[in-house]
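Student: The structure under discussion is supplied below as structure tokens; questions concerning it will follow.
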Amino acid sequence: MQKPVKIILGIDPGTLIMGHGVIAVNGNSMELLEMSALKLSGKKDNYERLQLIHRQVVLLVKKFKPDEFAIEAPFFGKNVQSMLKLGRAQGVAIAAAMSAGVPVTEYSPRKIKQSITGNGNADKEQVWKMLQHILSLTDRPKLFDATDALAVAICHHFQGKLMLPAPATAKKKSPRSNNWEEFVARNPQRILKK
């Protein structure tokens with residue numbers, strides 16, 4: 001019996017640009033459903049922008065009916081006001097998903113980069129190159145916020161695969177049995193072939 005398709009909505013929150021990426025996962029295969037960004041005018045009042053972010057997430061949830069929602073956590077910067085605004089943007093996006101009953105998971109920027117590229121300090125270009133490889137993408141979006149959101153969704157999928165419970169009949173393995181061969185066998189889509 002084939003596993004049902006799981007839809008994951010990934011969000012890169014922002015007060016001026018909010019990226020979103022939607023993937024469909026079926027077993028080991030992933031398909032990009034949509035990747036884009038909502039560009040908000042800096043001339044609008046902060047609360048108007050929050051309302052637009054909320055409305056956009058509500059529309060995305062209605063359109064794609066995601067099973068899971070993943071969002072990038074705000075990073076800790078020196079500017080407290082920027083952090084506060086970003087936290088509000090993240091909060092309204094989360095509220096929109098939760099009001100529709102979609103489970104929410106949050107990932108740090110470092111965790112997302114680590115999951116996609118293997119390097120928590122990767123730059124946006126490196127993340128994009130890996131996304132191209134993972135999903136066989138050719139067209140580069142105009143804004144990295146869209147690719148960042150796609151990375152959030154894929155990170156969530158990868159993390160979910162790592163957290164699957166072991167079958168009841170499986171023998172317990174020692175911690176030393178975790179090796180690269182097992183990783184490659186479980187994650188063939190993450191291997192670069194030259």
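Each chain in the structure tokens gets a letter, A, B and so on, in the order shown; residues start at 1 in every chain, and ligands are counted from 1 in the order they appear.
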Might you pull out every residue within 7 Å of segment 12-15 of chain A, with only C-alpha atoms counted and same-chain residues fewer than 2 positions away left off, and present them as a VMD selection string?

Tutor: chain A and resid 10 17 to 20 49 71 to 72 85 to 86 89 to 90 145 148 to 149

Student: Using only C-alpha atoms, determine which residues lie at most 10 Å from Ala96 of chain A, disregarding the query and same-chain residues fewer than 5 positions distant; provide the list as a PyMOL selection string.

Tutor: chain A and resi 53-61+91+101-102

Student: Pick from A:Ile23, A:Leu143, A:Ile112, A:Leu150: nearest to Asp67 of chain A, with only C-alpha atoms counted?

Tutor: A:Ile23

Student: From chain A, collect each residue whose DSSP state is strand (DSSP E or B) and return the set as a ChimeraX atom specification.

Tutor: /A:6-12,17-26,29-39,68-72,104-107

Student: Write to file, as a CSV table (one decimal), in the first residue's frame, the residues of the selection just made, with C-alpha atoms.

Tutor:
chain,number,residue,atom,x,y,z
A,6,LYS,CA,2.1,14.7,3.0
A,7,ILE,CA,2.0,18.5,2.3
A,8,ILE,CA,4.4,20.7,4.2
A,9,LEU,CA,4.2,24.5,4.2
A,10,GLY,CA,7.4,26.3,5.0
A,11,ILE,CA,7.6,30.0,6.0
A,12,ASP,CA,10.5,32.4,6.2
A,17,ILE,CA,9.2,40.1,2.7
A,18,MET,CA,7.7,36.7,3.7
A,19,GLY,CA,8.8,33.7,1.8
A,20,HIS,CA,6.8,30.5,1.5
A,21,GLY,CA,7.6,27.1,0.1
A,22,VAL,CA,5.2,24.2,-0.3
A,23,ILE,CA,6.2,20.6,-0.9
A,24,ALA,CA,4.4,17.3,-1.4
A,25,VAL,CA,6.2,14.3,0.1
A,26,ASN,CA,5.4,10.8,-0.9
A,29,SER,CA,10.0,11.6,-3.3
A,30,MET,CA,9.5,15.3,-2.9
A,31,GLU,CA,7.7,17.6,-5.3
A,32,LEU,CA,7.7,21.4,-5.3
A,33,LEU,CA,4.1,22.7,-5.3
A,34,GLU,CA,4.9,26.4,-4.9
A,35,MET,CA,7.7,28.7,-3.9
A,36,SER,CA,7.2,32.5,-3.8
A,37,ALA,CA,7.4,35.6,-1.6
A,38,LEU,CA,5.0,38.2,-0.4
A,39,LYS,CA,6.6,41.6,-0.7
A,68,GLU,CA,2.4,20.3,8.7
A,69,PHE,CA,3.7,23.9,9.0
A,70,ALA,CA,7.3,24.7,9.5
A,71,ILE,CA,8.7,28.2,10.2
A,72,GLU,CA,12.1,29.7,10.7
A,104,VAL,CA,3.5,24.0,13.8
A,105,THR,CA,7.3,23.3,14.2
A,106,GLU,CA,10.0,26.0,14.4
A,107,TYR,CA,13.6,25.7,13.3

Student: Going by DSSP on the backbone, which bits of segment 105-136 of chain A are helix (DSSP H, G or I)? Write them as a VMD selection string, please.

Tutor: chain A and resid 109 to 117 124 to 135

Student: I want to know what sits within 7 Å of segment 124-139 of chain A, based on only C-alpha atoms, with residues of the same chain fewer than 3 positions away left out; could you give that as number ranges by chain?

Tutor: A: 30-31, 113, 116-117, 144, 147, 189-190

Student: Mind writing the picked residues with N, CA and C atoms as a short mmCIF file (atom, residue, chain, number, x, y, z; two decimals), in the first residue's frame?

Tutor:
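The result, written out as result15.cif:
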data_model
loop_
_atom_site.label_atom_id
_atom_site.label_comp_id
_atom_site.auth_asym_id
_atom_site.auth_seq_id
_atom_site.Cartn_x
_atom_site.Cartn_y
_atom_site.Cartn_z
N MET A 30 9.96 13.95 -3.28
CA MET A 30 9.49 15.29 -2.92
C MET A 30 9.16 16.03 -4.20
N GLU A 31 8.10 16.82 -4.14
CA GLU A 31 7.72 17.63 -5.30
C GLU A 31 7.44 19.05 -4.83
N LYS A 113 20.01 25.37 7.68
CA LYS A 113 21.19 25.30 6.80
C LYS A 113 21.91 23.97 6.98
N ILE A 116 19.98 21.15 5.22
CA ILE A 116 19.99 21.20 3.76
C ILE A 116 21.38 20.99 3.19
N THR A 117 22.38 21.66 3.75
CA THR A 117 23.73 21.64 3.16
C THR A 117 24.75 20.82 3.94
N PHE A 144 15.61 35.50 -2.31
CA PHE A 144 16.09 34.36 -1.51
C PHE A 144 15.12 34.01 -0.39
N THR A 147 13.43 30.89 -1.41
CA THR A 147 14.25 29.68 -1.28
C THR A 147 14.48 29.34 0.19
N GLN A 189 18.47 10.88 -1.67
CA GLN A 189 18.23 12.14 -2.36
C GLN A 189 19.18 13.25 -1.94
N ARG A 190 19.95 13.06 -0.89
CA ARG A 190 20.86 14.09 -0.40
C ARG A 190 22.30 13.89 -0.87
#
